[in-house]
Structure formats: structure tokens, C-alpha cells
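Peer 1: Just dropping this structure here.
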Amino acid sequence: MEGKEIKDKRNFDAVSFSDMRISDVGFGKDEYKTSKPNILKNDAVVAEILNISEAAETAIGHTIGPYADATLIQTYADREVPIYPTRDGFTILQNMKFTQPIPNAIFRLLREASEYMNTEIGDSTSSGIPIQNTLLRKFFEIFNNNTEGKWTYSPVGIKNVANLCVKKIIDGFYNNPTYQVVFPKVNAVGKYDNKKDEDFVIDWLTKVATISANNDYETGRKIAELYRDKLDGNGHVIPTRSNSEEEYVENTNAFVVPIGLFDHQRMVNTPDHFCWEADNPLIVMFDGPLLETDLDHLKQVVETVCFDLQRPLFITASVYNVKIAQYLRECIDGTHYNDIGQELTDPEADPKGKPVKLNIAGIQLKNKEIAETTLFEDTLLMTGAKAFSTELGRLQEFSKDKEVRKQQIINLAGTCDKISAGYGETDFIGCTPDKEVFEARVKDLREQAEKVKKVKNHFTDHTYESIMNRVDNLQVRTTVYFCGGRSEAIRQSRYLVIQDAVEAVLSAIKNGGVSIGGNMCVCHYVNHNFDKIVDEVMEEIAKIRINITAAENQNTLRGIVSVILEAIGFSFGSAYRYALYNMYRDKDKAIQMWQDCIDRPRPCIYNIMTNTIEEFNPEISDDCTTIIVPRMTDPCLLKIVTETVSEMINIGNMISLVSPNFDLETLQYEQLKSGAAYMMQGANPMGR
């Protein structure tokens, strides 16, 4: 859906920068020094950046809102994975691929921004991508049109002014009771002193979970209740796929490591193609790197676990040499072994043996720094593993006798009921550590914490908080949510919904509050405080020495600040306007309804499900709109969207500067021809 032109709210309609010049006379109120507007306008590069950004928005935009459409996903790398429908923006973006290097470099920025948002605030990809695309188009529209082949405004200037606007917007609505609810603090033992406070938090978390679960109140309430004993932020709810249509939860002893797969594009075995899951795995932990000299003996481990013991294998090491990584990827892809355990390249391999994919994954778990050492030691404890030694020398050879070798590896390897590893963390579910060792370690850590707490000025490697965080991670209260359904595709779709809701609730707990959804904090605050924000940004510019733009006077600079602020305020309505558009299929009506909401004195939002305009009431949750999100959602989006847009502009800048006459279309055509030729040559490698 194309956005409306930026409204002329402060007499800056079709802002003219004809009076702009490069000033070299300081930073006073009448003159502003500038970074040189050195971008050559390369229409092909600009068009490519906009096309990639537009493609991401188009893929995600139609999935926003209760009347949205789903996207069918199938991973091309594995045709055995069934097609399944999803409206999860993060999943859609992760499955988008661009084979050309320049489009892929541009798109990688969007994917990395999505991963950051998913970690920090529980997804928000569906909101973030339309917002960043609208802001990107507005910046190109304002500063790169009709400029005789050159920008009149440098990318550094855009970034600096936009960042100042972002800072002032966040300062205005963050912790502001007009826009946000701040949760009461838990006591020293992680509990609320009275049930009224606890119920207050659960009510707000129910709203957060409900909107993230596609307006499913029953699911939202269920997930919020699972966090009733985890309101200090130290508990986990881990969603996973059930093996049947039954949906249920189980409390379990789990250990969460904040480290993801070392190659999350390849080490996967789930339908969404960016997570690895395995039941009853063997966990092999190396206390140092895996180098090329370790390859032969690592093969003994892999072949024994995967073929002789018939179990999934999970590996941790500080470094994976390129030869090791290549070997593991070949095992995963099914290009190294046949189904009877012979290497395909072995001349003596049985020609009737079929290639087989091995169930292997791994993370980089280092063991050098103090924090890394403690995490490594605690993982050993929780999984019952013993370290394979590679820190000081090469991996030792195992017995040539198969039965002896199996026992050697079993004695050293750890295990748990299940592992779920993605790009951001690894969950060891159903751990059964040695009870005496576990209790002794927790007791020792608590004693260390008390000693540190009593010392006012100490120079130890640990603080009281860091030690207690370690205790909390060992004793974490974990619930596994098994997502059911009558087919694998349905279970996958349900898993994505539950995962979004869980991450949103956890984000709200960790950030201590909630705010109105639909990105209305930004839209409403900018609309009602426009002149105030512009004044604050102008004052900030006068106080700090930063390169801004080629502005001859204050009026011109004020105009520049105003159009950037207006662009931000308009762009942050993109996602919600998509939700309205997907209901009415009328972009003018969608824009008008959004405008009606931000013009009202109190923050409000039109609820598509109830056909009513609902206000944000921080005092009583029952009287407040149901469209509620974690309170860090908009601040995080503001920062990451602005940064991503700036980086995408800088990519265009670098390409244009290096090669002003860069012919992108010809280059891509040549690359396609080269790739096609390579495929034709490799299509029949045996010459038969």
C-alpha cells in the first residue's frame, strides 16, 4: 500500500533547499557546518535499494491485522518439509532469498534488523519492515528528487538529524503514563508483596499475549498465567511442537544458553528452517577448538553416535575450523555418508548405499573468559557431560573396537530429554544433573554472593548480581508448551503463534511494563508535540558539534528537521494502516481512520475486531484498549528502523562513490549468465 504524501503542517510544503550551501564558518546560530553532500545520484542503485525494501514490505504487509492473508512457506533446500501457512513476519523474512550479491547485501540488513527485534522485543518484524520501507522512500523522495544528479543532503546529515529526533521522541513518551504502564517492582525474592499487584501485572500480560496470539484471548490468558511464578524475569516458557494433535504444558528442569547455532542457515531440521530440535540427543562438549587435525577423530564420534548408537548429536566447541564446518555441513546435507555409514568418496563404498542426512548441530561455547567459563561449567553440570579435551592438543583417538568406542563416547557425552536450538539461544530441556553436585554448586554460589555483598570496595571478578543471575539460571523455573494439531503444518503454524506470544510476554516482564500498540506512541506523540520536538532538536544542534547539513540559516535547518520528523511520524503509522487496509481494501479510508486516531487528545486506536475506537487507560486494564505491546517496542523500533534506513542509504552512497557510472543491470545480467553456465557444466558431472 503506497503512503500518503507528507502533510504540510508547518508551512514546509515541497520544501525547497535552493538556499542551501556548504558553510565553513563554524557552528553558530546563523551558520551550520556540513559534511560534504558527496553522493552521486545513481538511479539504478537507488531503484535496487527501493526494490529490495519494497519486496520485503510486500511479502509481509498482507499478513498484518486480523483480516490479513497467510503466506505459504516451503524451504527450497529440503523438499521433504511440507508447505505450511504462516502470518509470522519473522518466518517469512527468514525464508526470503536473493541470489545476486548486491541485493543480498541490501536484504541482509533487513534480516539482521529483524533478528535483533525478535531478540529484544519478541518479533515486531511485521511492524518494522513496512515502517522502514516507508521511511526509506520518504527520505529518498525528500532529499534525492530533482537535484540535478546530486544529493543536496548528506547521508551523515540524515542520520544525525533523524537520531536526534528519535532521542527526543523517546524521551517524550517513555515512562510517560499517557502512553505507558510501568509494572510495580518485585521484592527481594522475586515475588509481589500482595496478590493485587500480581493480578494487575497478569491482566496486562494477558493483553500482550492475546494480541501476539492473533487476538486469541484463551491462548493469551493461558500464556500469561504460565508466567505467574516467573514475574521476576528469571523463568522460561519454551514452545515446541507436540508429536500429536494434543496441546499441553509440562514443568521441567531446563537450562538455557544464550548462544545460537554457529550456522543457523544450515544446521536446522524444523519446518521453519531456522531451528534444530532433537529428542534424547548425545551432547559432546569440547573445551577448546576443533581444528583440521581433529577431523579424523571427530569422524569417529559422528559415526559412532549417528550410525552405531542411532542418536542425534549436538556439539559445542570454541572454534570450528573451516574444514570441520564443511564436514558437518556435508553430514547435514547428506553429501558425505551413505545410509550404511560409508563415506561417499570412498572407492570401496557400496554403490547401492543411499546418501543420508545426519541429525547434527552445534554452537560455539567458549571457555576462556570468566563469564564463558562459568557458562561452560554449568552446561557440563546440567547435561551431565564431561569435556573432550582439545584446548591444549589435538583430539585423542578412540578405540578401534566398536563396542569399546561406543562406551567411551557415552561415558563422556551428556544428554537431556530434548534440545531446541535457534539463531539466538539453545534450550536444554529435561536436564537431570547429579543432585548432590548441583546442590553443592548452588550452595557454594550463594555463599560467594553473600561474601561479595558484604564487601563495599572489592576487586573480585564477580558481583553479587552476576553470581545470583548464575544461580537463577541454574534454578530457572521452566515450562514447556507443546503445540498440538492434526498435521505437522498445523502444529508448525500453532508453534509460531505461541512463540510470538511467549516472547512478547517475556519482553514486557523484562522491560517492566506495556504501552499502546499499533505504534501509536510515536504517531500520537509526534502529532501533538511537533513544534516542541523541533525546538528541542534545534537546541541540541546548537549545543553539540556534529555535522548536520548544508543549511544557510536557521529557517532552512528548521525546515529540514521538520520534514524528517514528519517523515518519522508518518512512517510509524505504516503497519497499522496496513491492518486497516487489509480490512477495507481502501487506502484512503485506512489513512483517514489512522489520522482520526492520532488527532484525538488521548492516545487511542481503532479496534478492527470490535469496530470501536479504544483509548489507552493506564489505570484500569478492563477499560483500556486490548491492543497492548511491551513498552520497549516503539523505542526499539525507532532506533533500529532509523539505523537500518541510514545504512541502506550508505550502501547506495558507497556503490555510487566507488563507481559513479555503475551499471547494475548489466552486472547482474552477466552474473546470471555466469551462474547459468556453471549450472549447465555441473548438471551432469559424471559425463553420462
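Letters A, B, ... mark the chains of the C-alpha cells in the order given; residue numbers begin at 1 per chain; ligand numbers begin at 1, in order shown.
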Quick one: residues within 12 Å of range 595-606 of chain A, only C-alpha atoms, excluding same-chain residues fewer than 2 positions away - as a PDB file with C-alpha atoms, in the first residue's frame?
Peer 2:
ATOM      1  CA  LYS A   4       0.124   9.423   1.523  1.00  0.00           C
ATOM      2  CA  LYS A   7       1.200  16.651   5.167  1.00  0.00           C
ATOM      3  CA  GLY A  65      -4.110  -7.491  11.079  1.00  0.00           C
ATOM      4  CA  PHE A 173       6.755   9.130  25.676  1.00  0.00           C
ATOM      5  CA  ASN A 176       5.022   8.760  30.316  1.00  0.00           C
ATOM      6  CA  PRO A 177       1.764   7.490  31.937  1.00  0.00           C
ATOM      7  CA  THR A 178      -0.181   8.918  28.999  1.00  0.00           C
ATOM      8  CA  TYR A 179       1.359   6.210  26.813  1.00  0.00           C
ATOM      9  CA  GLN A 180       2.797   3.508  29.083  1.00  0.00           C
ATOM     10  CA  SER A 515       2.224   0.536  26.092  1.00  0.00           C
ATOM     11  CA  ILE A 516      -0.448   1.107  23.460  1.00  0.00           C
ATOM     12  CA  GLY A 517       0.063  -0.925  20.273  1.00  0.00           C
ATOM     13  CA  GLY A 518      -0.154  -0.013  16.615  1.00  0.00           C
ATOM     14  CA  ASN A 519       2.976   2.169  17.066  1.00  0.00           C
ATOM     15  CA  MET A 520       0.578   4.841  18.299  1.00  0.00           C
ATOM     16  CA  CYS A 521       3.048   6.135  20.913  1.00  0.00           C
ATOM     17  CA  VAL A 522       5.241   7.565  18.173  1.00  0.00           C
ATOM     18  CA  CYS A 523       2.422   8.727  15.885  1.00  0.00           C
ATOM     19  CA  HIS A 524       0.372  10.411  18.625  1.00  0.00           C
ATOM     20  CA  TYR A 525       3.305  11.995  20.461  1.00  0.00           C
ATOM     21  CA  VAL A 526       4.795  13.481  17.278  1.00  0.00           C
ATOM     22  CA  ASN A 527       1.398  14.767  16.150  1.00  0.00           C
ATOM     23  CA  HIS A 528       0.684  16.548  19.458  1.00  0.00           C
ATOM     24  CA  ASN A 529       4.210  17.769  20.240  1.00  0.00           C
ATOM     25  CA  GLY A 569       5.691  10.341  12.390  1.00  0.00           C
ATOM     26  CA  PHE A 570       4.001   9.302   9.143  1.00  0.00           C
ATOM     27  CA  PHE A 572       5.315   4.797  12.057  1.00  0.00           C
ATOM     28  CA  GLY A 573       1.676   4.537  11.041  1.00  0.00           C
ATOM     29  CA  SER A 574       2.511   2.193   8.143  1.00  0.00           C
ATOM     30  CA  TYR A 576      -1.363  -0.109  11.438  1.00  0.00           C
ATOM     31  CA  ARG A 577      -2.551   1.393   8.141  1.00  0.00           C
ATOM     32  CA  ALA A 579      -4.091  -3.639   9.150  1.00  0.00           C
ATOM     33  CA  LEU A 580      -6.851  -1.177   8.237  1.00  0.00           C
ATOM     34  CA  ASP A 588      -7.705   6.488   1.627  1.00  0.00           C
ATOM     35  CA  LYS A 589     -10.075   5.202   4.287  1.00  0.00           C
ATOM     36  CA  ALA A 590      -7.196   3.494   6.101  1.00  0.00           C
ATOM     37  CA  ILE A 591      -5.168   6.716   6.170  1.00  0.00           C
ATOM     38  CA  GLN A 592      -8.153   8.785   7.316  1.00  0.00           C
ATOM     39  CA  MET A 593      -9.010   6.409  10.179  1.00  0.00           C
ATOM     40  CA  ILE A 608     -10.830  -3.718  13.901  1.00  0.00           C
ATOM     41  CA  MET A 609     -12.334  -6.675  15.768  1.00  0.00           C
ATOM     42  CA  THR A 610     -14.876  -4.608  17.731  1.00  0.00           C
ATOM     43  CA  ASN A 611     -15.310  -1.718  15.275  1.00  0.00           C
ATOM     44  CA  THR A 612     -14.731   0.807  18.045  1.00  0.00           C
ATOM     45  CA  ILE A 613     -12.115   3.403  18.884  1.00  0.00           C
ATOM     46  CA  GLU A 614     -10.498   2.393  22.189  1.00  0.00           C
ATOM     47  CA  GLU A 615      -8.479   4.682  24.443  1.00  0.00           C
ATOM     48  CA  PHE A 616      -5.327   3.857  26.366  1.00  0.00           C
ATOM     49  CA  ASN A 617      -6.193   3.826  30.070  1.00  0.00           C
ATOM     50  CA  PRO A 618      -3.147   3.038  32.227  1.00  0.00           C
ATOM     51  CA  ASP A 623     -11.221  -0.043  30.375  1.00  0.00           C
ATOM     52  CA  CYS A 624      -8.108   0.057  28.215  1.00  0.00           C
ATOM     53  CA  THR A 625      -7.736  -0.991  24.600  1.00  0.00           C
ATOM     54  CA  THR A 626      -6.860  -4.645  24.077  1.00  0.00           C
ATOM     55  CA  ILE A 627      -4.119  -3.675  21.610  1.00  0.00           C
ATOM     56  CA  ILE A 628      -1.207  -3.637  24.045  1.00  0.00           C
TER      57      ILE A 628
END
Peer 1: What residues in range 256-299 of chain A get the DSSP label strand (DSSP E)? Please answer as a list of chain:residue names.
Peer 2: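 Across range 256-299 of chain A, those assigned strand (DSSP E) are A:Val256, A:Val257, A:Trp276, A:Glu277, A:Ala278, A:Asp279, A:Leu282, A:Ile283, A:Val284, A:Met285.
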Peer 1: Output C-alpha atoms for every residue in the selection just made, as a CSV table (one decimal), in the first residue's frame.
Peer 2:
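Saved to out07.csv:
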chain,number,residue,atom,x,y,z
A,256,VAL,CA,19.0,-22.0,28.6
A,257,VAL,CA,22.2,-20.9,27.0
A,276,TRP,CA,17.2,-27.5,15.3
A,277,GLU,CA,15.3,-29.8,17.6
A,278,ALA,CA,16.1,-33.3,18.8
A,279,ASP,CA,14.8,-35.8,21.4
A,282,LEU,CA,24.0,-37.0,22.9
A,283,ILE,CA,25.9,-33.8,23.8
A,284,VAL,CA,29.6,-33.8,23.1
A,285,MET,CA,31.4,-30.7,24.6
Peer 1: In Å, how far is it from CA of Val437 in chain A to CA of Asn253 in chain A?
Peer 2: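 For CA of Val437 in chain A relative to CA of Asn253 in chain A, the distance reads 15.3 Å.
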Peer 1: When you count only C-alpha atoms, which of these residues is closest to Ser487 in chain A: A:Ile419, A:Ile83, A:Leu109, A:Ala44?
Peer 2: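 For Ser487 in chain A, the nearest of the candidates is A:Ile83.
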Peer 1: Of the candidates A:Phe200, A:Phe140, A:Tyr116, A:Tyr320, which shows the shortest atom-to-atom distance to Val45 in chain A, using only C-alpha atoms?
Peer 2: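 Residue with the minimum atom-to-atom distance to Val45 in chain A: A:Phe140.
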Peer 1: Show which residues sit within 9 Å of range 96-99 of chain A, as a PyMOL selection string. Count only C-alpha atoms, and ignore same-chain residues fewer than 5 positions away.
Peer 2: chain A and resi 56+59+91+104-105+107
Peer 1: Determine the nearest neighbour of Leu557 in chain A from the options A:Arg631, A:Ile541, A:Phe530, A:Arg137, counting only C-alpha atoms.
Peer 2: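 With only C-alpha atoms as the atom set, the closest residue is A:Ile541.
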Peer 1: Mind running range 466-549 of chain A against range 441-456 of chain A at 10 Å and telling me each contacting residue's nearest atom pair with the distance in Å (one decimal), counting only C-alpha atoms, chain and number ascending, as JSON lines?
Peer 2:
{"residue": "A:Ser466", "atom": "CA", "partner": "A:Ala449", "partner_atom": "CA", "distance": 8.7}
{"residue": "A:Ile467", "atom": "CA", "partner": "A:Ala449", "partner_atom": "CA", "distance": 5.9}
{"residue": "A:Met468", "atom": "CA", "partner": "A:Ala449", "partner_atom": "CA", "distance": 6.8}
{"residue": "A:Arg470", "atom": "CA", "partner": "A:Leu445", "partner_atom": "CA", "distance": 8.2}
{"residue": "A:Val471", "atom": "CA", "partner": "A:Val442", "partner_atom": "CA", "distance": 6.2}
{"residue": "A:Asp472", "atom": "CA", "partner": "A:Val442", "partner_atom": "CA", "distance": 9.4}
{"residue": "A:Leu474", "atom": "CA", "partner": "A:Val442", "partner_atom": "CA", "distance": 7.9}
{"residue": "A:Gln475", "atom": "CA", "partner": "A:Val442", "partner_atom": "CA", "distance": 8.5}
